[in-house]
Amino acid sequence: MYDKFIPTAADYVRFAPEILLTVFGTLIMLIEAGRKEDQRRPYGILSLIALAGAIYLAFPAYNNAGPAFQGMLIVDGFGTFFRVLCYVAAALAVLCSGQYLSREKADSGEYYSLILFSVVGQGVMVTANELLMVFIGLEISSIATYVLAGFLRDDQRNNESALKYFLLGSFATAFLLYGIAWIYGLTGSTDLSLIRAALGSANPPNVILTGTAAALMFVGLAFKVSAFPFQIWTPDVYQGAPAPVSAFMSAGPKAAAFAILVRIFMTAFEPIAARWEPILWVTALATMVVGNFAALAQVNIKRLLAYSSIAHAGYILVAITAQSQIGISAVMFYLAAYTFMNVGAFAAVTHLAGKDEKYVNIEDLAGLGQRQPVTAALLSVFLLSLIGVPLTGGFFGKFYIFKAALDSNLVWLTVLGLLNSAVAAYYYLRVLVVMYMQDASAEVPAPKPVSGGILVALVGSAVATVILGVFPSVILNFAGKSGTLNP
Amino acid sequence: MNLWLIPTLPLIGAAVNGLFGRRMPRMAINAVAVLSVVASFLLALNVFNNLGDQPIVERYFTWIASGALTIPVEFAVDRLTMVMLLIVTGIGSLIHVYAVGYMAHEGGYYRFFSYLNLFMFFMLVLVLANNYLLLFVGWEGVGLCSYLLIGFYFLENWATSAGNKAFIVNRIGDFGFMLAMLLMFNQFGSLDIPVVLEGAKALPVEHSAGMLTAIGLLLLVGAAGKSAQIPLYVWLPDAMAGPTPVSALIHAATMVTAGVYVVARSSAIFTHAPIAMDTVAIIGLATAVMAALIGVLQNDIKKVFAYSTVSQLGYMFLALGVGAFSAGIYHVMTHAFFKALLFLGAGSVIHALEGEQDIRNMGGLRSKIPITFVTLMAAGLAIAGFPYTSGYFSKDEILLAAHHHSPWMFWVGVFTAGLTAFYVFRCLLLTFFGEYRGHAHHPPHESPPVMWIPLAILAVLSLGGGFIAIPHYLEPVLGHAGQAHDPTLVIIATSAGLIGIAIAAWMYLIAPGVPDAIARTFKGLYNFVYNKFYVDEAYNAAVIQPVIEGSRIFLWRGVDAGLIDGIVNGVGKRSRGLGGILRLAQSGNIRNYAAWVVMGSILVIVFLGFSGGAK
């Protein structure tokens with residue numbers, strides 16, 4: 001037994017992306033420490049190299065799919081999909097960050113190291129096959145993100161954002177950990193497939209206690225995906241954090257949290273699905289309603305996007321409620337589409353906010369269609385996709401989600417969800433109207449033409465958004481194949 | 001046949017004008033915009049020459065292939081599509097030519113033509129699609145272009161809000177369409193139109209509500225949004241804020257008939273769902289009457305014609321609902337002729353009067369702009385159903401079918417026909433007869449040939465277009481639906497139109513004091529109709545305000561606690577240094593949030609732990 005503690009070559013292959021990211025993250029910190037005042041800062045490039053390398057290494061890992069480190073981690077299609085998605089989200093955030101940090105005179109290595117470490121945590125989360133690894137991955141990811149949210153130390157909005165995120169996040173993580181402890185007490189294991197076996201056995205543990213344990217874990221995860229009633233932190237934190245960090249938070253950590261929510265509830269807790277399905281149903285509906293209706297009244301675009309991200313979490317929960325293979329594929333596809341359109345929208349905000357993020361109200365976008373036709377057009381692509389107009393990824397994602405829901409006979413959830421998405425058109429449309437149909441205000445200086453990393457991120461996200469709408473099979477085939485979770 | 005070329009040419013036109021139009025000379029913009037549509041029309045004619053009884057289907061590539069979901073990109077032309085193709089490209093070409101003259105003095109010229117061509121692309125995708133999902137792409141696309149074009153004069157606030165209204169109302173319709181598609185896929189395992197329709201035909205007729213009824217009613221929600229039927233008609237009159245060629249092309253001749261097309265296309269579903277059919281008929285009839293009543297008292301020339309469009313679309317829905325699908329499409333065609341003409345003629349009048357749209361400020365224009373006068377009179381006769389004009393034939397088909405279905409519908413339809421004749425002639429007589437009541441700075445002038453030649457062509461079609469035997473042509477697709485010719489009913493229906501014209505002539509030519517006297521006598525009723533039955537106000541009070549106020553008070557204040565103290569950084573601003581940050585922990589906000597999390601957790605735990613299990 002003990003000789004198994006020495007990792008095999010296969011273990012390293014399967015874990016190689018995270019190893020690479022950790023090495024680069026540490027390297028950046030060392031370079032920062034030894035850097036002379038006038039030397040250039042190559043961190044953005046280094047981070048991009050690390051992330052590109054990690055994406056590259058995810059494929060040999062997938063070709064050698066299987067468990068690693070005594071079944072603590074598992075590399076499968078599902079995990080690989082989310083791994084790559086988190087790396088891509090981080091790469092987009094890094095592309096937006098360079099100009100932002102130099103504008104705010106806060107360019108330093110730690111920022112990039114923290115992004116890389118956070119992504120390592122997400123990689124661990126999405127490949128975790130065991131509750132303690134879930135917890136460790138979640139903490140690695142979260143702690144780095146708490147710091148990122150408050151990265152501009154002198155900015156009060158950043159401070160408030162980071163503190164709220166940290167306090168409430170720790171609170172929620174405690175729920176998760178407590179739930180894990182209960183499960184361990186009930187089943188004697190933290191391994192997902194062993195828990196499933198114990199719960200599905202002829203002589204399962206007390207069902208009230210198991211239900212409570214599942215509830216505790218659900219609270220912890222619902223917080224991370226900003227599901228109602230645990231969405232309360234999201235608007236404040238997204239609004240207060242630096243714009244590229246909001247872009248990152250709304251995509252990477254969220255996708256990873258959804259991945260483990262799906263994995264835990266669809267494998268370990270699958271035997272008690274009848275108990276948690278109603279809760280998921282209510283949560284999905286309430287999350288959509290709260291996100292969409294609260295967004296109607298917003299004036300700050302970051303806050304608007306925060307509520308929009310809550311609403312989109314609601315749609316994804318609908319797909320999870322479907323509890324089917326097509327439901328899981330829909331979750332995967334939607335998160336991919338959501339990552340591009342949402343990070344894209346935040347990237348545009350990053351550019352337009354100006355120094356000190358002075359111009360983050362919707363009204364400040366007035367006349368953008370004439371002042372910056374390229375930026376306006378790219379932002380329009382993201383907004384149309386968020387509305388769910390055909391030929392964008394957002395449309396097909398929604399179509400697929402509600403198809404999965406209807407296949408599972410969730411008729412009312414489908415009807416109410418679609419009505420919600422009809423309402424949602426209004427607040428995105430308002431941004432489009434302001435951009436194209438209002439005259440620029442003299443108080444808002446004309447933004448500079450978009451360039452460099454942000455331009456790459458914007459164009460890349462827009463192209464991906466359209467490709468997902470026109471040729472959804474690119475992702476759909478893989479998602480369809482990986483929608484089975486066999487513990 | 002290369003069907004894909006038909007929509008692609010306008011798309012190329014849109015791309016060229018959109019990307020390079022800013023730096024192109026006007027002549028080049030015109031050439032690109034007009035020729036791309038005319039070329040599509042010629043291609044459509046070529047298809048027409050080669051089309052027999054059997055549809056032409058062309059498959060290009062597989063759009064989506066994933067598990068059970070396979071969506072190919074296929075265009076198909078059968079006779080139904082053929083009629084729509086010719087209407088869209090033919091009328092589209094004429095209106096593009098007209099727009100060259102009408103928009104000559106407007107800013108954003110290239111942008112206008114780019115949007116207009118883009119609209120043509122999506123409209124052609126809509127009618128050519130052989131798959132509901134692809135059809136939906138066109139469906140949403142035309143909605144988006146319509147929104148862009150309504151808001152074209154966006155410096156006017158009302159144009160923007162009209163555009164928004166159109167977009168939002170159509171989203172409600174799209175919700176129905178999307179749900180219908182999901183149900184179809186669920187039921188038939190495919191979204192290919194032939195597969196779905198064959199599947200529907202194989203199912204028994206549903207005399208009580210079932211799956212086909214649900215699909216039919218949801219399609220009706222979508223169609224009612226796009227084709228401006230009760231209760232979703234409110235956007236179309238406001239949409240007249242857009243430039244007049246847009247009103248003619250999108251909001252009269254083509255896009256608004258998309259709902260009629262979809263219902264006719266899905267006739268196999270509706271014929272197996274009598275409840276849905278009856279709903280279509282009743283909605284159509286109610287819309288026809290209501291909009292005609294409102295049209296009687298409008299004073300803006302474009303608004304009169306807008307309500308008339310809503311009313312005529314109601315007629316088409318009546319036709320569909322009583323099973324006369326081909327009569328509905330027949331009326332789509334004749335309506336495209338005379339309504340496009342009415343709008344373009346109205347545009348010519350507005351053009352002549354430097355932007356005046358109120359018919360109370362017109363009058364006596366028949367000698368000043370004679371060509372517009374003659375062509376508009378032709379359109380008026382056609383819509384009034386004057387014998388042997390185009391409207392006469394299609395309207396009779398509809399009314400006969402309605403009588404066959406249930407006689408009371410016939411009588412309501414006849415009443416509406418009388419009203420229609422009355423309000424159209426009221427409008428035309430006030431415009432062209434009597435004394436000039438306006439105060440334009442320059443004397444009214446006739447429009448240039450680029451504008452009046454399309455008018456003349458449409459006038460010929462409005463008068464003679466009824467002789468194109470559309471119902472007979474559509475028989476292979478929509479079946480034989482024509483009712484036996486009943487001379488009595490035809491005479492009744494026709495006389496209603498003639499009586500309407502006569503009353504209008506009496507009230508506005510012979511005894512001009514009468515309308516005011518009537519208005520004074522029935523003041524309450526007059527105001528009720530004049531204010532369009534207060535429907536906009538009712539929607540505002542019943543739907544829009546509750547949603548906005550609700551989101552503001554309940555959700556914003558209740559859920560978004562961060563805004564209780566007015567600004568999100570209110571707490572942050574008070575903090576200075578480390579001590580300040582630590583004080584944050586004691587601020588009400590975070591404690592509120594934590595309490596919220598605790599309450600939520602208790603709920604989840606109670607439900608999951610103790611009362612779960614009921615699926």
# chains A, B, ... in the order shown; residues from 1 in each chain; ligands from 1
call {"tool": "residues_around", "arguments": {"residues": "Phe373 of chain B", "least_positions_apart": "5", "cutoff": "12 Å", "atoms": "only C-alpha atoms", "output": "tab-separated table (two decimals) with C-alpha atoms, in the first residue's frame"}}
result
chain	number	residue	atom	x	y	z
B	341	LEU	CA	-48.50	52.00	-52.31
B	342	LEU	CA	-50.48	53.77	-49.59
B	344	LEU	CA	-45.13	55.29	-50.40
B	345	GLY	CA	-47.86	57.65	-51.58
B	346	ALA	CA	-48.13	59.04	-48.06
B	348	SER	CA	-44.70	61.37	-51.39
B	349	VAL	CA	-47.31	63.65	-49.79
B	352	ALA	CA	-44.20	67.42	-50.94
B	363	GLY	CA	-56.28	69.40	-48.43
B	364	GLY	CA	-56.62	70.33	-52.08
B	365	LEU	CA	-53.48	68.55	-53.11
B	366	ARG	CA	-54.94	66.72	-56.09
B	367	SER	CA	-53.93	69.36	-58.59
B	368	LYS	CA	-50.55	69.99	-56.98
B	378	ALA	CA	-56.01	53.40	-56.93
B	379	ALA	CA	-54.68	52.00	-53.65
B	380	GLY	CA	-57.72	53.34	-51.82
B	428	LEU	CA	-57.59	60.51	-48.88
B	429	LEU	CA	-60.42	63.03	-49.27
B	430	LEU	CA	-59.07	65.22	-46.49
B	431	THR	CA	-55.67	65.10	-48.14
B	432	PHE	CA	-56.56	65.74	-51.74
B	433	PHE	CA	-59.88	67.57	-51.84
B	446	GLU	CA	-44.56	66.52	-57.22
B	447	SER	CA	-41.94	63.94	-56.33
B	452	TRP	CA	-43.32	58.19	-58.69
B	455	LEU	CA	-45.87	54.35	-57.26
B	456	ALA	CA	-47.19	53.87	-60.77
B	459	ALA	CA	-50.87	51.26	-58.71
call {"tool": "residues_around", "arguments": {"residues": "segment 313-324 of chain B", "least_positions_apart": "2", "cutoff": "7 Å", "atoms": "only C-alpha atoms", "output": "list of chain:residue names"}}
result
B:Ser227, B:Gln229, B:Val260, B:Ala264, B:Met277, B:Asp278, B:Val280, B:Ala281, B:Ile282, B:Gly284, B:Leu285, B:Thr287, B:Ala288, B:Thr309, B:Val310, B:Ser311, B:Ser326, B:Ala327, B:Gly328, B:His331, B:Ile398, B:Ala401, B:Ala402, B:His405, B:Ala481
call {"tool": "residues_around", "arguments": {"residues": "segment 127-143 of chain A", "least_positions_apart": "6", "cutoff": "8 Å", "atoms": "only C-alpha atoms", "output": "count of residues only"}}
result
25
call {"tool": "closest_atom_pairs", "arguments": {"of": "chain A", "to": "chain B", "cutoff": "7 Å", "atoms": "only C-alpha atoms", "output": "CSV"}}
result
residue,atom,partner,partner_atom,distance
A:Gln156,CA,B:Gly572,CA,5.3
A:Arg157,CA,B:Asn569,CA,6.0
A:Glu160,CA,B:Gly572,CA,5.7
A:Lys164,CA,B:Ile590,CA,6.7
A:Leu168,CA,B:Ala594,CA,6.7
A:Ile208,CA,B:Gly609,CA,4.7
A:Leu209,CA,B:Gly609,CA,6.5
A:Gly211,CA,B:Gly609,CA,4.1
A:Thr212,CA,B:Gly609,CA,4.4
A:Ala215,CA,B:Ile605,CA,5.0
A:Leu216,CA,B:Ile605,CA,6.8
A:Val219,CA,B:Ser601,CA,6.1
A:Pro229,CA,B:Gly600,CA,5.7
A:Phe230,CA,B:Val597,CA,5.9
A:Ile232,CA,B:Tyr593,CA,6.6
A:Asp236,CA,B:Gly562,CA,6.8
A:Ala274,CA,B:Gly613,CA,5.1
A:Arg275,CA,B:Gly613,CA,4.1
A:Trp276,CA,B:Leu608,CA,6.0
A:Pro278,CA,B:Lys615,CA,6.7
A:Val290,CA,B:Leu555,CA,6.8
A:Phe293,CA,B:Ser551,CA,5.3
A:Ala294,CA,B:Trp556,CA,5.5
A:Leu296,CA,B:Ser551,CA,6.9
A:Ala297,CA,B:Arg552,CA,6.1
A:Val389,CA,B:Glu140,CA,6.9
A:Pro390,CA,B:Val137,CA,5.4
A:Lys403,CA,B:Leu182,CA,5.8
A:Asp407,CA,B:Asn186,CA,6.5
A:Leu418,CA,B:Phe175,CA,6.1
A:Leu419,CA,B:Phe175,CA,6.4
A:Ala422,CA,B:Arg171,CA,5.4
A:Tyr426,CA,B:Ile168,CA,6.7
A:Met437,CA,B:Phe154,CA,5.4
A:Phe471,CA,B:Trp63,CA,6.2
A:Pro472,CA,B:Ile64,CA,6.3
A:Ser473,CA,B:Ile64,CA,5.3
A:Leu476,CA,B:Ser66,CA,6.3
A:Asn477,CA,B:Ser66,CA,5.5
A:Gly480,CA,B:Ser66,CA,6.8
call {"tool": "write_last_selection", "arguments": {"atoms": "N, CA and C atoms", "output": "short mmCIF file (atom, residue, chain, number, x, y, z; two decimals), in the first residue's frame"}}
result
data_model
loop_
_atom_site.label_atom_id
_atom_site.label_comp_id
_atom_site.auth_asym_id
_atom_site.auth_seq_id
_atom_site.Cartn_x
_atom_site.Cartn_y
_atom_site.Cartn_z
N GLN A 156 -10.70 52.72 -2.16
CA GLN A 156 -11.63 52.27 -1.13
C GLN A 156 -12.64 51.26 -1.67
N ARG A 157 -13.02 51.44 -2.93
CA ARG A 157 -13.98 50.49 -3.49
C ARG A 157 -13.36 49.09 -3.50
N GLU A 160 -13.37 47.64 0.07
CA GLU A 160 -14.68 47.18 0.49
C GLU A 160 -15.03 45.87 -0.20
N LYS A 164 -15.64 42.35 1.84
CA LYS A 164 -16.93 41.66 1.78
C LYS A 164 -16.78 40.27 1.21
N LEU A 168 -17.63 37.03 3.67
CA LEU A 168 -18.76 36.19 3.30
C LEU A 168 -18.29 34.88 2.67
N ILE A 208 -32.23 11.97 6.86
CA ILE A 208 -32.31 13.36 7.31
C ILE A 208 -30.90 13.93 7.48
N LEU A 209 -30.03 13.12 8.06
CA LEU A 209 -28.65 13.60 8.24
C LEU A 209 -27.94 13.76 6.90
N GLY A 211 -29.36 14.41 4.09
CA GLY A 211 -29.94 15.58 3.47
C GLY A 211 -29.34 16.85 4.03
N THR A 212 -29.17 16.91 5.33
CA THR A 212 -28.58 18.09 5.95
C THR A 212 -27.15 18.30 5.47
N ALA A 215 -27.28 19.67 2.15
CA ALA A 215 -27.70 21.07 2.21
C ALA A 215 -26.54 21.97 2.59
N LEU A 216 -25.74 21.54 3.56
CA LEU A 216 -24.60 22.37 3.97
C LEU A 216 -23.64 22.58 2.81
N VAL A 219 -25.08 24.99 0.23
CA VAL A 219 -24.97 26.40 0.62
C VAL A 219 -23.60 26.94 0.23
N PRO A 229 -30.40 32.19 -2.32
CA PRO A 229 -30.28 33.53 -1.72
C PRO A 229 -28.84 33.87 -1.31
N PHE A 230 -27.89 33.29 -1.97
CA PHE A 230 -26.49 33.54 -1.58
C PHE A 230 -25.78 34.41 -2.61
N ILE A 232 -25.97 37.62 -2.67
CA ILE A 232 -26.01 38.99 -2.14
C ILE A 232 -24.67 39.72 -2.25
N ASP A 236 -21.90 43.89 -5.07
CA ASP A 236 -20.92 44.74 -4.40
C ASP A 236 -19.50 44.38 -4.80
N ALA A 274 -33.94 12.85 -5.64
CA ALA A 274 -35.33 13.25 -5.45
C ALA A 274 -35.45 14.26 -4.33
N ARG A 275 -34.52 14.23 -3.38
CA ARG A 275 -34.60 15.18 -2.27
C ARG A 275 -34.08 16.56 -2.67
N TRP A 276 -33.01 16.61 -3.44
CA TRP A 276 -32.47 17.95 -3.72
C TRP A 276 -33.03 18.57 -5.00
N PRO A 278 -36.14 19.48 -5.81
CA PRO A 278 -37.04 20.64 -5.58
C PRO A 278 -36.29 21.90 -5.17
N VAL A 290 -34.35 37.12 -9.54
CA VAL A 290 -33.64 38.17 -8.81
C VAL A 290 -32.62 38.84 -9.73
N PHE A 293 -34.56 40.91 -12.63
CA PHE A 293 -35.37 42.06 -12.22
C PHE A 293 -34.55 43.11 -11.51
N ALA A 294 -33.56 42.67 -10.75
CA ALA A 294 -32.73 43.67 -10.10
C ALA A 294 -31.88 44.41 -11.13
N LEU A 296 -32.79 45.38 -13.97
CA LEU A 296 -33.58 46.40 -14.66
C LEU A 296 -33.32 47.80 -14.12
N ALA A 297 -33.03 47.89 -12.82
CA ALA A 297 -32.97 49.20 -12.19
C ALA A 297 -31.54 49.72 -12.03
N VAL A 389 -29.63 36.43 -28.90
CA VAL A 389 -30.06 36.57 -30.30
C VAL A 389 -29.40 35.47 -31.12
N PRO A 390 -30.13 34.86 -32.04
CA PRO A 390 -29.55 33.77 -32.83
C PRO A 390 -28.25 34.19 -33.54
N LYS A 403 -34.03 23.15 -23.81
CA LYS A 403 -34.36 21.86 -24.41
C LYS A 403 -34.11 20.74 -23.39
N ASP A 407 -36.89 18.27 -21.92
CA ASP A 407 -36.74 16.82 -22.02
C ASP A 407 -36.94 16.14 -20.68
N LEU A 418 -37.87 31.08 -19.87
CA LEU A 418 -37.91 31.78 -21.15
C LEU A 418 -38.53 33.17 -21.00
N LEU A 419 -39.55 33.27 -20.13
CA LEU A 419 -40.13 34.59 -19.88
C LEU A 419 -39.09 35.52 -19.28
N ALA A 422 -36.91 36.87 -21.78
CA ALA A 422 -37.55 37.93 -22.57
C ALA A 422 -37.43 39.27 -21.84
N TYR A 426 -34.48 43.76 -22.00
CA TYR A 426 -34.66 45.19 -21.78
C TYR A 426 -33.39 45.87 -21.27
N MET A 437 -27.76 55.55 -29.66
CA MET A 437 -28.84 56.48 -29.95
C MET A 437 -28.85 57.67 -29.01
N PHE A 471 -21.28 27.83 -35.39
CA PHE A 471 -20.85 26.43 -35.45
C PHE A 471 -20.78 25.84 -34.05
N PRO A 472 -21.91 25.72 -33.38
CA PRO A 472 -21.87 25.25 -31.99
C PRO A 472 -21.31 23.84 -31.86
N SER A 473 -21.33 23.08 -32.96
CA SER A 473 -20.84 21.70 -32.88
C SER A 473 -19.41 21.62 -32.38
N LEU A 476 -20.04 21.51 -28.82
CA LEU A 476 -21.15 20.65 -28.46
C LEU A 476 -20.78 19.17 -28.53
N ASN A 477 -20.02 18.82 -29.55
CA ASN A 477 -19.65 17.42 -29.69
C ASN A 477 -18.87 16.95 -28.48
N GLY A 480 -21.13 16.87 -25.47
CA GLY A 480 -22.04 15.74 -25.52
C GLY A 480 -21.36 14.45 -25.10
#
call {"tool": "closest_residue", "arguments": {"among": "A:Ile467, A:Phe396, A:Ile320, A:Trp281", "to": "Val411 of chain A", "atoms": "only C-alpha atoms"}}
result
A:Trp281
call {"tool": "select_by_dssp", "arguments": {"residues": "segment 93-154 of chain B", "states": "helix (DSSP H, G or I)", "output": "PyMOL selection string"}}
result
chain B and resi 93-102+109-128+132-150
call {"tool": "residues_around", "arguments": {"residues": "segment 8-10 of chain A", "least_positions_apart": "6", "cutoff": "9 Å", "atoms": "only C-alpha atoms", "output": "list in words"}}
result
Ala61, Asn64, Gly66, Ala68 and Phe69 of chain A
call {"tool": "decode", "arguments": {"residues": "segment 57-96 of chain A", "atoms": "C-alpha atoms", "output": "mmCIF file, in the first residue's frame"}}
result
data_model
loop_
_atom_site.group_PDB
_atom_site.id
_atom_site.type_symbol
_atom_site.label_atom_id
_atom_site.label_comp_id
_atom_site.auth_asym_id
_atom_site.auth_seq_id
_atom_site.Cartn_x
_atom_site.Cartn_y
_atom_site.Cartn_z
ATOM 1 C CA LEU A 57 -0.563 20.138 -21.598
ATOM 2 C CA ALA A 58 -4.236 19.559 -20.843
ATOM 3 C CA PHE A 59 -4.479 17.504 -24.029
ATOM 4 C CA PRO A 60 -1.844 14.850 -23.290
ATOM 5 C CA ALA A 61 -3.428 14.682 -19.840
ATOM 6 C CA TYR A 62 -6.794 14.039 -21.459
ATOM 7 C CA ASN A 63 -5.328 11.413 -23.767
ATOM 8 C CA ASN A 64 -4.078 9.634 -20.644
ATOM 9 C CA ALA A 65 -7.405 10.123 -18.884
ATOM 10 C CA GLY A 66 -7.838 8.468 -15.543
ATOM 11 C CA PRO A 67 -7.373 9.009 -11.822
ATOM 12 C CA ALA A 68 -4.231 10.549 -10.379
ATOM 13 C CA PHE A 69 -2.643 10.487 -6.944
ATOM 14 C CA GLN A 70 -4.528 7.483 -5.582
ATOM 15 C CA GLY A 71 -7.854 8.632 -6.933
ATOM 16 C CA MET A 72 -7.676 12.061 -5.337
ATOM 17 C CA LEU A 73 -7.978 13.666 -8.754
ATOM 18 C CA ILE A 74 -9.567 12.402 -11.914
ATOM 19 C CA VAL A 75 -8.844 13.587 -15.418
ATOM 20 C CA ASP A 76 -11.870 13.005 -17.628
ATOM 21 C CA GLY A 77 -13.589 14.836 -20.455
ATOM 22 C CA PHE A 78 -15.705 16.861 -18.061
ATOM 23 C CA GLY A 79 -12.739 17.971 -15.975
ATOM 24 C CA THR A 80 -10.614 18.704 -19.026
ATOM 25 C CA PHE A 81 -13.322 20.856 -20.540
ATOM 26 C CA PHE A 82 -13.544 23.042 -17.442
ATOM 27 C CA ARG A 83 -9.802 23.059 -16.947
ATOM 28 C CA VAL A 84 -9.275 24.522 -20.406
ATOM 29 C CA LEU A 85 -12.182 26.908 -19.946
ATOM 30 C CA CYS A 86 -10.672 28.294 -16.734
ATOM 31 C CA TYR A 87 -7.276 28.708 -18.409
ATOM 32 C CA VAL A 88 -8.878 30.552 -21.304
ATOM 33 C CA ALA A 89 -10.825 32.814 -18.933
ATOM 34 C CA ALA A 90 -7.619 33.599 -17.061
ATOM 35 C CA ALA A 91 -5.779 34.300 -20.310
ATOM 36 C CA LEU A 92 -8.485 36.764 -21.359
ATOM 37 C CA ALA A 93 -8.280 38.449 -17.954
ATOM 38 C CA VAL A 94 -4.487 38.685 -18.232
ATOM 39 C CA LEU A 95 -4.835 40.265 -21.681
ATOM 40 C CA CYS A 96 -7.063 42.967 -20.210
#
